[in-house]
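J.: Just dropping this structure here.
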Amino acid sequence: MSNRITVLGAGIAGLVAAWELEQLGYSVEVLEGSSRCGGRIYTHRFADAQPAPLVELGAMRIPTNHLHTRAYIDKLGLNDRVRDFRTLFSEDGAYHTTSAGFVRVGEAAQVLVEEFRTGMVAERYGEPTILFGAWLMAMADAIAPPDFRITLQKELGRDLLDELEGLDLAPFRYGRGRDRIDLHAFFAAHPQVRTTWNGRLNHFIDDVLNETSPELIRLEGGMDQLVTGLVERIRGPITYGQEVVGIHVRDNDVLLEIRDGAGVTVRRCDQVLCTVPFSILRRMSLSGFDGDKLDVVHAVKYWSATKVAFHCREAFWEHAGISGGASYSGGRIRQTYYPAAEGVPGGGAVLLASYTMGDDADRLGRMPPAACRSVVLDELSKMHPELRRPGMVMDSASLAWGQHRWSEGAGVTRWGMSVAASEEQRSQAARPQGRLFFAGEHCSSTPAWIDGAIESALEAVGQVRLGTREGAVAVGAR
Ligand SMILES: Cc1cc2nc3c(=O)[nH]c(=O)nc-3n(C[C@H](O)[C@H](O)[C@H](O)COP(=O)(O)OP(=O)(O)OC[C@H]3O[C@@H](n4cnc5c(N)ncnc54)[C@H](O)[C@@H]3O)c2cc1C
């Protein structure tokens, strides 16, 4: 088989695959629909200054156990850019919204316990168990989408609290008043607690542990250095403005219908690696796909995310006792992050004013951008009245991924699926169709993370190599 391959999509999966295939001797071209590379890695800079104040409108942090991502940070020479990423619940001075209003995280335990007691039939549980439940629910409030938050309390309640009563929670208490619980240490020490839980709860706990982990990192200077590092190393052409609108798999080749400035043209390709999200693929004209493959293309579920950022005159939150991390701001804005300052001194500071997911994200994302930013400013000003000072907000940026033309979603969710069903979906999503191969976070065991996108790219490279070898054997046998 020919060693020419066309990669669709210049996100991290497409770029990793392109680079790896070139190193194996393939002749690679990349076709990208939009006018930029990076896909859901999207670093927005508020000025032309070098370095400029920036915000990550897409991926912003990397769990240290995401080894594929760490490997590419290393390969691209970015280790000296790695910094700690401080997240929700990491900063005592940050706020947590409760039914009694917002309180500092360091002082939240009492009100969280009171809230938890009223929500549960809690009399029969000891104080450590209640404290554990209260912090777990606080994290659920801060992280889970609304429909999930409503049922979680019931699902978690019964079995978990009973089980906790039999365990010694003292080693996991910390803080000045020993009124915090280290959930990461607890779940690491007691993995058996999760074995009886369904997939839905386990996926959720994974997300909670990842998003509140003390072991998160970021790239100083922007996550898009991963993207530019790859683009600089890829020798073949990366062509922008090439929107694929049809894919037709035939016995010995793949036909692509491509819309560019000049209209729709048809291209014949020896082999194709598609990293376009299935949310987009399912709207294309497709033929030559088998039934199971089409089923998975349509079945994969995406969650939305919306981010709204303000470029502020100064890091006013530092004067209010917040040195980083994030607040759970509740309402329509949900989470507020205080990123580490980047950019030239005096260039201002960036506040990730709102990060929403699921239905919360769609509610904001369906508004016109100006209205969405104004809602966020109104709501967040109650927590941070400094935002109302004249000249404090110098600029803003937002991105609603659920409504974004090139992804129609922030990432694939398999919440609610059993481990077996998740793996079945993953392997179907990654399964080639003739000379059409697939990669992207949706084809991985770690969806909605960069790590999953890279994992899938490496698997697809393996499949392409195998296909080339088998093709060569078949030709030789003729
Ligand atoms: C708000 C948000 C926060 C996130 N936070 C994190 C985080 O903190 N850490 C982390 O590890 N991950 C995070 N992620 C997930 C991570 O960004 C993604 O999993 C990963 O970047 C996906 O890469 P990909 O290559 O699979 O897809 P994409 O990046 O979506 O790449 C697909 C490419 O295909 C292109 N394309 C689409 N349609 C067409 C078409 N018709 N024709 C041609 N090209 C097309 C797109 O423009 C895009 O460039 C986050 C994602 C979002 C949205």
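Quick note on naming: the chains in the structure tokens go A, B, ... in the order shown, residues restart at 1 in each chain, and ligands are numbered from 1 in order of appearance.
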Enumerate as a list in words all residues of range 65-112 of chain A assigned to alpha helix (DSSP H) by DSSP on the backbone, naming them with the chain letters and numbers the document uses.
T.: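 For range 65-112 of chain A, the alpha helix (DSSP H) set is Leu67, His68, Thr69, Arg70, Ala71, Tyr72, Ile73, Asp74, Lys75, Ala109, Gln110, Val111 and Leu112 of chain A.
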J.: Got time to write the residues from that selection, all heavy atoms, as a compact mmCIF listing (two decimals), in the first residue's frame?
T.:
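part-v7.txt written:
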```txt
# COMPACT_ATOMS: atom_id res chain seq x y z
N LEU A 67 0.45 10.23 31.22
CA LEU A 67 1.82 9.99 30.78
C LEU A 67 2.03 10.26 29.29
O LEU A 67 3.13 10.63 28.88
CB LEU A 67 2.23 8.56 31.12
CG LEU A 67 2.21 8.25 32.64
CD1 LEU A 67 2.67 6.83 32.91
CD2 LEU A 67 3.05 9.26 33.44
N HIS A 68 1.01 10.09 28.47
CA HIS A 68 1.18 10.42 27.04
C HIS A 68 1.46 11.91 26.89
O HIS A 68 2.35 12.32 26.15
CB HIS A 68 -0.08 10.06 26.24
CG HIS A 68 -0.37 8.60 26.17
ND1 HIS A 68 0.49 7.70 25.61
CD2 HIS A 68 -1.43 7.88 26.61
CE1 HIS A 68 -0.03 6.48 25.69
NE2 HIS A 68 -1.20 6.57 26.31
N THR A 69 0.67 12.71 27.59
CA THR A 69 0.85 14.16 27.47
C THR A 69 2.23 14.55 28.00
O THR A 69 2.94 15.37 27.39
CB THR A 69 -0.27 14.89 28.23
OG1 THR A 69 -1.52 14.27 27.93
CG2 THR A 69 -0.33 16.36 27.85
N ARG A 70 2.59 13.96 29.14
CA ARG A 70 3.92 14.26 29.72
C ARG A 70 5.02 13.90 28.72
O ARG A 70 6.02 14.62 28.59
CB ARG A 70 4.13 13.47 31.02
CG ARG A 70 3.15 13.75 32.14
CD ARG A 70 3.28 15.13 32.73
NE ARG A 70 4.60 15.42 33.31
CZ ARG A 70 4.97 15.11 34.56
NH1 ARG A 70 4.10 14.52 35.37
NH2 ARG A 70 6.16 15.42 35.01
N ALA A 71 4.83 12.78 28.02
CA ALA A 71 5.87 12.34 27.07
C ALA A 71 6.05 13.37 25.96
O ALA A 71 7.18 13.65 25.53
CB ALA A 71 5.50 10.98 26.49
N TYR A 72 4.94 13.97 25.49
CA TYR A 72 5.07 14.95 24.39
C TYR A 72 5.60 16.29 24.91
O TYR A 72 6.30 17.01 24.18
CB TYR A 72 3.76 15.07 23.60
CG TYR A 72 3.70 13.93 22.62
CD1 TYR A 72 3.23 12.69 23.02
CD2 TYR A 72 4.24 14.03 21.35
CE1 TYR A 72 3.26 11.59 22.18
CE2 TYR A 72 4.29 12.95 20.49
CZ TYR A 72 3.79 11.73 20.91
OH TYR A 72 3.86 10.65 20.08
N ILE A 73 5.30 16.61 26.15
CA ILE A 73 5.92 17.80 26.74
C ILE A 73 7.43 17.61 26.72
O ILE A 73 8.20 18.51 26.35
CB ILE A 73 5.41 18.00 28.18
CG1 ILE A 73 3.95 18.46 28.16
CG2 ILE A 73 6.27 19.00 28.95
CD1 ILE A 73 3.30 18.59 29.53
N ASP A 74 7.84 16.42 27.04
CA ASP A 74 9.27 16.10 27.06
C ASP A 74 9.86 16.12 25.64
O ASP A 74 10.85 16.80 25.37
CB ASP A 74 9.43 14.72 27.72
CG ASP A 74 10.89 14.37 27.94
OD1 ASP A 74 11.64 15.28 28.31
OD2 ASP A 74 11.25 13.20 27.73
N LYS A 75 9.19 15.40 24.71
CA LYS A 75 9.71 15.33 23.34
C LYS A 75 9.81 16.70 22.69
O LYS A 75 10.65 16.94 21.84
CB LYS A 75 8.78 14.48 22.46
CG LYS A 75 8.86 12.99 22.69
CD LYS A 75 7.93 12.30 21.69
CE LYS A 75 7.85 10.82 22.00
NZ LYS A 75 7.40 10.01 20.87
N ALA A 109 -16.29 24.46 56.32
CA ALA A 109 -16.68 23.14 56.81
C ALA A 109 -18.00 23.16 57.57
O ALA A 109 -18.89 22.34 57.32
CB ALA A 109 -15.57 22.56 57.67
N GLN A 110 -18.14 24.12 58.49
CA GLN A 110 -19.33 24.10 59.35
C GLN A 110 -20.63 24.22 58.53
O GLN A 110 -21.56 23.44 58.71
CB GLN A 110 -19.24 25.23 60.36
CG GLN A 110 -20.20 25.03 61.51
CD GLN A 110 -20.21 26.24 62.44
OE1 GLN A 110 -19.25 27.03 62.49
NE2 GLN A 110 -21.28 26.38 63.18
N VAL A 111 -20.64 25.17 57.62
CA VAL A 111 -21.87 25.36 56.85
C VAL A 111 -22.11 24.18 55.91
O VAL A 111 -23.25 23.74 55.70
CB VAL A 111 -21.89 26.74 56.13
CG1 VAL A 111 -20.73 26.94 55.25
CG2 VAL A 111 -23.16 26.92 55.35
N LEU A 112 -21.03 23.60 55.38
CA LEU A 112 -21.20 22.42 54.51
C LEU A 112 -21.79 21.26 55.29
O LEU A 112 -22.66 20.53 54.79
CB LEU A 112 -19.85 22.01 53.89
CG LEU A 112 -19.26 23.00 52.89
CD1 LEU A 112 -17.91 22.51 52.38
CD2 LEU A 112 -20.21 23.23 51.71
```
J.: Skipping near chain neighbours, those fewer than 2 positions away, what residues fall within 7 Å of range 81-93 of chain A using only C-alpha atoms, listed as a list in words?
T.: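 Once the nearby chain positions are removed, what remains is Arg61, Leu78, Asn79, Tyr95, Arg104, Val105, Gly106, Thr212, Leu216, Ile217, Arg218, Leu219, Glu220, Gly321, Ile322, Gly324, Gly325, Ala326 and Ser327 of chain A.
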J.: Can you spit out the residues from that selection as an mmCIF file, in the first residue's frame, using N, CA, C and O atoms?
T.:
```cif
data_model
loop_
_atom_site.group_PDB
_atom_site.id
_atom_site.type_symbol
_atom_site.label_atom_id
_atom_site.label_comp_id
_atom_site.auth_asym_id
_atom_site.auth_seq_id
_atom_site.Cartn_x
_atom_site.Cartn_y
_atom_site.Cartn_z
ATOM 1 N N ARG A 61 -5.177 22.266 32.073
ATOM 2 C CA ARG A 61 -4.311 21.590 33.061
ATOM 3 C C ARG A 61 -4.146 20.127 32.689
ATOM 4 O O ARG A 61 -4.967 19.548 31.976
ATOM 5 N N LEU A 78 9.555 20.954 26.348
ATOM 6 C CA LEU A 78 8.788 21.948 27.119
ATOM 7 C C LEU A 78 8.856 21.718 28.630
ATOM 8 O O LEU A 78 8.121 22.361 29.380
ATOM 9 N N ASN A 79 9.734 20.823 29.058
ATOM 10 C CA ASN A 79 9.775 20.522 30.506
ATOM 11 C C ASN A 79 10.045 21.765 31.351
ATOM 12 O O ASN A 79 9.525 21.891 32.464
ATOM 13 N N TYR A 95 -13.496 31.283 47.382
ATOM 14 C CA TYR A 95 -14.869 31.192 47.896
ATOM 15 C C TYR A 95 -15.550 29.887 47.497
ATOM 16 O O TYR A 95 -15.239 29.285 46.470
ATOM 17 N N ARG A 104 -15.413 31.545 52.593
ATOM 18 C CA ARG A 104 -14.049 31.152 52.223
ATOM 19 C C ARG A 104 -13.924 29.635 52.390
ATOM 20 O O ARG A 104 -14.455 29.064 53.372
ATOM 21 N N VAL A 105 -13.191 28.997 51.476
ATOM 22 C CA VAL A 105 -13.033 27.542 51.532
ATOM 23 C C VAL A 105 -12.505 27.107 52.896
ATOM 24 O O VAL A 105 -12.970 26.128 53.488
ATOM 25 N N GLY A 106 -11.539 27.863 53.424
ATOM 26 C CA GLY A 106 -10.937 27.507 54.701
ATOM 27 C C GLY A 106 -11.907 27.569 55.865
ATOM 28 O O GLY A 106 -11.635 27.024 56.938
ATOM 29 N N THR A 212 -9.843 18.168 41.108
ATOM 30 C CA THR A 212 -9.446 18.798 42.375
ATOM 31 C C THR A 212 -8.089 18.274 42.839
ATOM 32 O O THR A 212 -7.702 18.481 43.980
ATOM 33 N N LEU A 216 -1.746 18.593 39.531
ATOM 34 C CA LEU A 216 -2.057 19.082 38.191
ATOM 35 C C LEU A 216 -0.940 20.025 37.763
ATOM 36 O O LEU A 216 -0.390 20.759 38.595
ATOM 37 N N ILE A 217 -0.650 20.013 36.472
ATOM 38 C CA ILE A 217 0.362 20.944 35.964
ATOM 39 C C ILE A 217 -0.206 21.726 34.782
ATOM 40 O O ILE A 217 -1.271 21.398 34.255
ATOM 41 N N ARG A 218 0.526 22.755 34.390
ATOM 42 C CA ARG A 218 0.147 23.573 33.232
ATOM 43 C C ARG A 218 1.428 23.954 32.514
ATOM 44 O O ARG A 218 2.525 23.673 33.022
ATOM 45 N N LEU A 219 1.272 24.582 31.373
ATOM 46 C CA LEU A 219 2.453 25.055 30.650
ATOM 47 C C LEU A 219 2.503 26.571 30.726
ATOM 48 O O LEU A 219 1.597 27.254 30.209
ATOM 49 N N GLU A 220 3.534 27.096 31.374
ATOM 50 C CA GLU A 220 3.692 28.551 31.380
ATOM 51 C C GLU A 220 3.919 28.999 29.937
ATOM 52 O O GLU A 220 4.680 28.365 29.197
ATOM 53 N N GLY A 321 -7.069 38.405 49.435
ATOM 54 C CA GLY A 321 -6.649 37.175 50.117
ATOM 55 C C GLY A 321 -6.739 35.914 49.276
ATOM 56 O O GLY A 321 -6.761 34.811 49.811
ATOM 57 N N ILE A 322 -6.799 36.063 47.942
ATOM 58 C CA ILE A 322 -6.849 34.872 47.075
ATOM 59 C C ILE A 322 -5.583 34.864 46.225
ATOM 60 O O ILE A 322 -5.377 35.737 45.393
ATOM 61 N N GLY A 324 -4.594 32.363 44.174
ATOM 62 C CA GLY A 324 -4.649 31.442 43.032
ATOM 63 C C GLY A 324 -5.787 30.465 43.241
ATOM 64 O O GLY A 324 -6.689 30.711 44.038
ATOM 65 N N GLY A 325 -5.750 29.352 42.511
ATOM 66 C CA GLY A 325 -6.805 28.347 42.679
ATOM 67 C C GLY A 325 -8.106 28.804 42.041
ATOM 68 O O GLY A 325 -8.102 29.526 41.046
ATOM 69 N N ALA A 326 -9.205 28.398 42.643
ATOM 70 C CA ALA A 326 -10.505 28.680 42.033
ATOM 71 C C ALA A 326 -11.591 28.750 43.087
ATOM 72 O O ALA A 326 -11.486 28.128 44.139
ATOM 73 N N SER A 327 -12.636 29.527 42.772
ATOM 74 C CA SER A 327 -13.833 29.594 43.618
ATOM 75 C C SER A 327 -14.965 28.831 42.948
ATOM 76 O O SER A 327 -15.064 28.816 41.714
#
```
J.: Give me, as a short mmCIF file (atom, residue, chain, number, x, y, z; two decimals) with C-alpha atoms, in the first residue's frame, all polymer residues having an atom no more than 12 Å from range 143-147 of chain A, counting only C-alpha atoms and skipping those fewer than 5 positions away in the same chain.
T.:
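Written output follows (selection_3.cif):
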```cif
data_model
loop_
_atom_site.label_atom_id
_atom_site.label_comp_id
_atom_site.auth_asym_id
_atom_site.auth_seq_id
_atom_site.Cartn_x
_atom_site.Cartn_y
_atom_site.Cartn_z
CA THR A 87 -7.49 24.26 41.19
CA LEU A 88 -10.77 24.22 43.14
CA PHE A 89 -10.43 23.67 46.90
CA HIS A 96 -17.39 28.38 47.98
CA LEU A 136 -17.76 15.16 48.67
CA MET A 137 -21.09 16.89 48.02
CA ALA A 138 -19.34 20.27 47.98
CA LEU A 152 -25.91 12.08 43.17
CA GLN A 153 -26.87 12.78 46.75
CA ARG A 200 -21.76 6.49 36.54
CA LEU A 201 -20.49 7.05 40.08
CA HIS A 203 -16.63 8.13 36.24
CA PHE A 204 -17.82 10.97 38.40
CA ILE A 205 -15.36 10.23 41.20
CA ASP A 206 -12.56 10.05 38.61
CA ASP A 207 -13.55 13.50 37.38
CA VAL A 208 -13.77 14.91 40.91
CA LEU A 209 -10.39 13.50 41.79
CA ASN A 210 -8.80 14.76 38.57
CA GLU A 211 -10.29 18.23 38.72
CA THR A 212 -9.45 18.80 42.38
CA TRP A 303 -20.85 17.48 26.92
CA SER A 304 -20.70 21.22 26.48
CA ALA A 305 -18.38 23.69 28.15
CA ALA A 326 -10.50 28.68 42.03
CA SER A 327 -13.83 29.59 43.62
CA TYR A 328 -17.08 27.74 43.25
CA SER A 329 -19.15 30.75 42.34
CA GLY A 330 -22.44 28.89 41.73
CA GLY A 331 -25.40 30.47 39.93
CA ARG A 332 -25.04 30.58 36.19
CA ILE A 333 -21.27 31.04 36.27
CA ARG A 334 -20.33 27.97 38.37
CA GLN A 335 -16.51 28.10 38.61
CA THR A 336 -14.08 31.04 38.69
CA TYR A 355 -16.21 27.86 33.52
CA THR A 356 -19.42 25.92 33.04
CA MET A 357 -20.18 22.42 31.80
CA GLY A 358 -23.18 20.48 30.51
CA ASP A 359 -26.55 22.25 30.59
CA ASP A 360 -25.02 25.15 32.53
CA ALA A 361 -22.64 25.69 29.62
CA ASP A 362 -25.41 25.56 27.02
CA ARG A 363 -27.47 28.08 28.97
CA THR A 413 -18.77 11.82 28.12
CA TRP A 415 -20.82 8.98 32.45
#
```
J.: Mind checking DSSP for range 16-255 of chain A and telling me the strand (DSSP E) residues as a VMD selection string?
T.: chain A and resid 27 to 31 43 to 45 54 to 56 62 to 63 82 to 84 95 to 98 101 to 104 173 to 174 180 to 181 216 to 219 238 to 239 243 to 249 254 to 255
J.: Export N, CA and C atoms of the chosen residues as a CSV table (one decimal), in the first residue's frame?
T.:
```csv
chain,number,residue,atom,x,y,z
A,27,SER,N,4.4,9.9,3.9
A,27,SER,CA,4.3,11.3,3.3
A,27,SER,C,2.9,11.8,3.7
A,28,VAL,N,2.9,12.8,4.6
A,28,VAL,CA,1.7,13.2,5.3
A,28,VAL,C,1.2,14.6,4.8
A,29,GLU,N,-0.1,14.8,4.6
A,29,GLU,CA,-0.7,16.1,4.5
A,29,GLU,C,-1.8,16.2,5.5
A,30,VAL,N,-2.0,17.4,6.1
A,30,VAL,CA,-3.1,17.6,7.1
A,30,VAL,C,-4.0,18.6,6.5
A,31,LEU,N,-5.3,18.3,6.5
A,31,LEU,CA,-6.4,19.2,6.1
A,31,LEU,C,-7.2,19.7,7.3
A,43,THR,N,-5.3,28.7,23.3
A,43,THR,CA,-4.8,29.7,24.2
A,43,THR,C,-5.1,31.1,23.6
A,44,HIS,N,-5.9,31.9,24.3
A,44,HIS,CA,-6.2,33.2,23.8
A,44,HIS,C,-5.3,34.3,24.5
A,45,ARG,N,-4.7,35.1,23.7
A,45,ARG,CA,-3.8,36.2,24.2
A,45,ARG,C,-4.5,37.5,24.1
A,54,LEU,N,-2.7,35.8,29.1
A,54,LEU,CA,-3.4,34.8,28.3
A,54,LEU,C,-4.4,34.1,29.1
A,55,VAL,N,-5.3,33.4,28.4
A,55,VAL,CA,-6.3,32.5,29.1
A,55,VAL,C,-6.4,31.3,28.2
A,56,GLU,N,-6.6,30.2,28.9
A,56,GLU,CA,-6.9,28.9,28.2
A,56,GLU,C,-8.4,28.8,28.0
A,62,ILE,N,-3.1,19.6,33.3
A,62,ILE,CA,-2.7,18.2,32.9
A,62,ILE,C,-2.5,17.4,34.2
A,63,PRO,N,-3.2,16.4,34.5
A,63,PRO,CA,-2.9,15.6,35.7
A,63,PRO,C,-1.5,14.9,35.5
A,82,VAL,N,6.9,23.7,32.6
A,82,VAL,CA,5.9,23.0,33.4
A,82,VAL,C,5.8,23.7,34.8
A,83,ARG,N,4.6,24.1,35.2
A,83,ARG,CA,4.3,24.7,36.5
A,83,ARG,C,3.2,24.0,37.1
A,84,ASP,N,3.0,24.2,38.5
A,84,ASP,CA,1.9,23.6,39.1
A,84,ASP,C,0.6,24.4,38.7
A,95,TYR,N,-13.5,31.3,47.4
A,95,TYR,CA,-14.9,31.2,47.9
A,95,TYR,C,-15.5,29.9,47.5
A,96,HIS,N,-16.5,29.5,48.3
A,96,HIS,CA,-17.4,28.4,48.0
A,96,HIS,C,-18.8,28.8,48.2
A,97,THR,N,-19.7,28.7,47.2
A,97,THR,CA,-21.0,29.2,47.4
A,97,THR,C,-21.9,28.1,48.0
A,98,THR,N,-22.6,28.5,49.1
A,98,THR,CA,-23.4,27.6,49.8
A,98,THR,C,-24.8,28.2,49.9
A,101,GLY,N,-24.9,31.7,51.3
A,101,GLY,CA,-24.1,32.7,50.6
A,101,GLY,C,-22.7,32.1,50.3
A,102,PHE,N,-21.7,33.0,49.9
A,102,PHE,CA,-20.4,32.4,49.7
A,102,PHE,C,-19.5,32.6,50.9
A,103,VAL,N,-18.7,31.5,51.2
A,103,VAL,CA,-17.8,31.5,52.3
A,103,VAL,C,-16.4,31.1,51.8
A,104,ARG,N,-15.4,31.5,52.6
A,104,ARG,CA,-14.0,31.2,52.2
A,104,ARG,C,-13.9,29.6,52.4
A,173,ARG,N,-8.1,13.4,57.8
A,173,ARG,CA,-8.5,14.8,58.2
A,173,ARG,C,-7.3,15.7,58.2
A,174,TYR,N,-7.5,16.9,57.7
A,174,TYR,CA,-6.5,17.9,57.8
A,174,TYR,C,-7.1,19.3,57.9
A,180,ARG,N,-11.2,19.3,57.3
A,180,ARG,CA,-11.1,19.0,55.8
A,180,ARG,C,-10.9,17.5,55.7
A,181,ILE,N,-11.3,17.0,54.6
A,181,ILE,CA,-11.0,15.5,54.3
A,181,ILE,C,-10.2,15.4,53.0
A,216,LEU,N,-1.7,18.6,39.5
A,216,LEU,CA,-2.1,19.1,38.2
A,216,LEU,C,-0.9,20.0,37.8
A,217,ILE,N,-0.7,20.0,36.5
A,217,ILE,CA,0.4,20.9,36.0
A,217,ILE,C,-0.2,21.7,34.8
A,218,ARG,N,0.5,22.8,34.4
A,218,ARG,CA,0.1,23.6,33.2
A,218,ARG,C,1.4,24.0,32.5
A,219,LEU,N,1.3,24.6,31.4
A,219,LEU,CA,2.5,25.1,30.7
A,219,LEU,C,2.5,26.6,30.7
A,238,ILE,N,0.2,21.6,6.0
A,238,ILE,CA,-1.0,21.7,6.8
A,238,ILE,C,-1.8,22.8,6.1
A,239,THR,N,-3.0,22.4,5.6
A,239,THR,CA,-3.8,23.4,4.8
A,239,THR,C,-5.0,23.7,5.6
A,243,GLU,N,-12.8,22.4,4.7
A,243,GLU,CA,-13.8,21.7,5.5
A,243,GLU,C,-14.3,20.4,4.8
A,244,VAL,N,-14.0,19.3,5.5
A,244,VAL,CA,-14.5,18.0,4.9
A,244,VAL,C,-16.0,17.9,5.1
A,245,VAL,N,-16.7,17.7,4.1
A,245,VAL,CA,-18.2,17.5,4.2
A,245,VAL,C,-18.7,16.2,3.8
A,246,GLY,N,-17.8,15.3,3.2
A,246,GLY,CA,-18.2,14.0,2.9
A,246,GLY,C,-17.0,13.0,2.9
A,247,ILE,N,-17.3,11.8,3.3
A,247,ILE,CA,-16.2,10.8,3.3
A,247,ILE,C,-16.8,9.5,2.7
A,248,HIS,N,-16.2,9.0,1.7
A,248,HIS,CA,-16.7,7.8,1.0
A,248,HIS,C,-15.6,6.8,0.9
A,249,VAL,N,-15.8,5.7,1.7
A,249,VAL,CA,-14.8,4.6,1.7
A,249,VAL,C,-15.0,3.6,0.6
A,254,VAL,N,-10.1,6.3,-0.6
A,254,VAL,CA,-11.2,7.0,0.2
A,254,VAL,C,-11.4,8.3,-0.6
A,255,LEU,N,-12.6,8.6,-0.9
A,255,LEU,CA,-13.0,9.9,-1.6
A,255,LEU,C,-13.4,10.9,-0.5
```
J.: By how many Å are CA of Glu107 in chain A and CA of Glu342 in chain A apart?
T.: 29.5 Å
J.: Which residues, written as an mmCIF file with C-alpha atoms, in the first residue's frame, have at least one atom at most 12 Å from Thr129 in chain A, with only C-alpha atoms counted and residues fewer than 6 positions away on the same chain left out?
T.:
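This went into around22.cif:
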```cif
data_model
loop_
_atom_site.group_PDB
_atom_site.id
_atom_site.type_symbol
_atom_site.label_atom_id
_atom_site.label_comp_id
_atom_site.auth_asym_id
_atom_site.auth_seq_id
_atom_site.Cartn_x
_atom_site.Cartn_y
_atom_site.Cartn_z
ATOM 1 C CA VAL A 113 -21.840 19.992 57.341
ATOM 2 C CA PHE A 116 -25.355 18.030 54.357
ATOM 3 C CA ARG A 117 -27.222 17.152 57.536
ATOM 4 C CA ALA A 122 -27.874 11.736 58.849
ATOM 5 C CA GLU A 123 -28.619 11.147 62.528
ATOM 6 C CA TRP A 135 -16.929 17.713 51.355
ATOM 7 C CA LEU A 136 -17.762 15.162 48.673
ATOM 8 C CA GLY A 157 -25.913 8.513 50.318
ATOM 9 C CA ARG A 158 -27.016 5.087 51.311
ATOM 10 C CA LEU A 160 -21.208 4.939 50.901
ATOM 11 C CA LEU A 161 -22.075 6.445 54.264
ATOM 12 C CA ASP A 162 -22.795 3.006 55.730
ATOM 13 C CA GLU A 163 -19.428 1.787 54.489
ATOM 14 C CA LEU A 164 -17.573 4.844 55.781
ATOM 15 C CA GLU A 165 -18.914 4.252 59.269
ATOM 16 C CA GLY A 166 -16.770 1.130 59.480
ATOM 17 C CA LEU A 167 -13.558 2.899 58.425
ATOM 18 C CA ASP A 168 -11.072 5.047 60.317
ATOM 19 C CA LEU A 169 -11.240 8.485 58.665
ATOM 20 C CA ALA A 170 -8.887 10.174 61.132
ATOM 21 C CA PHE A 172 -7.513 11.721 56.145
ATOM 22 C CA ARG A 173 -8.513 14.777 58.188
ATOM 23 C CA ASP A 179 -12.307 19.831 59.375
ATOM 24 C CA ARG A 180 -11.142 19.035 55.834
ATOM 25 C CA ILE A 181 -11.005 15.541 54.340
#
```
J.: Would you mind telling me which residue in A:Glu459, A:Gly291, A:Leu8, A:Ser407 lies nearest to Ile258 in chain A when using only C-alpha atoms?
T.: A:Leu8
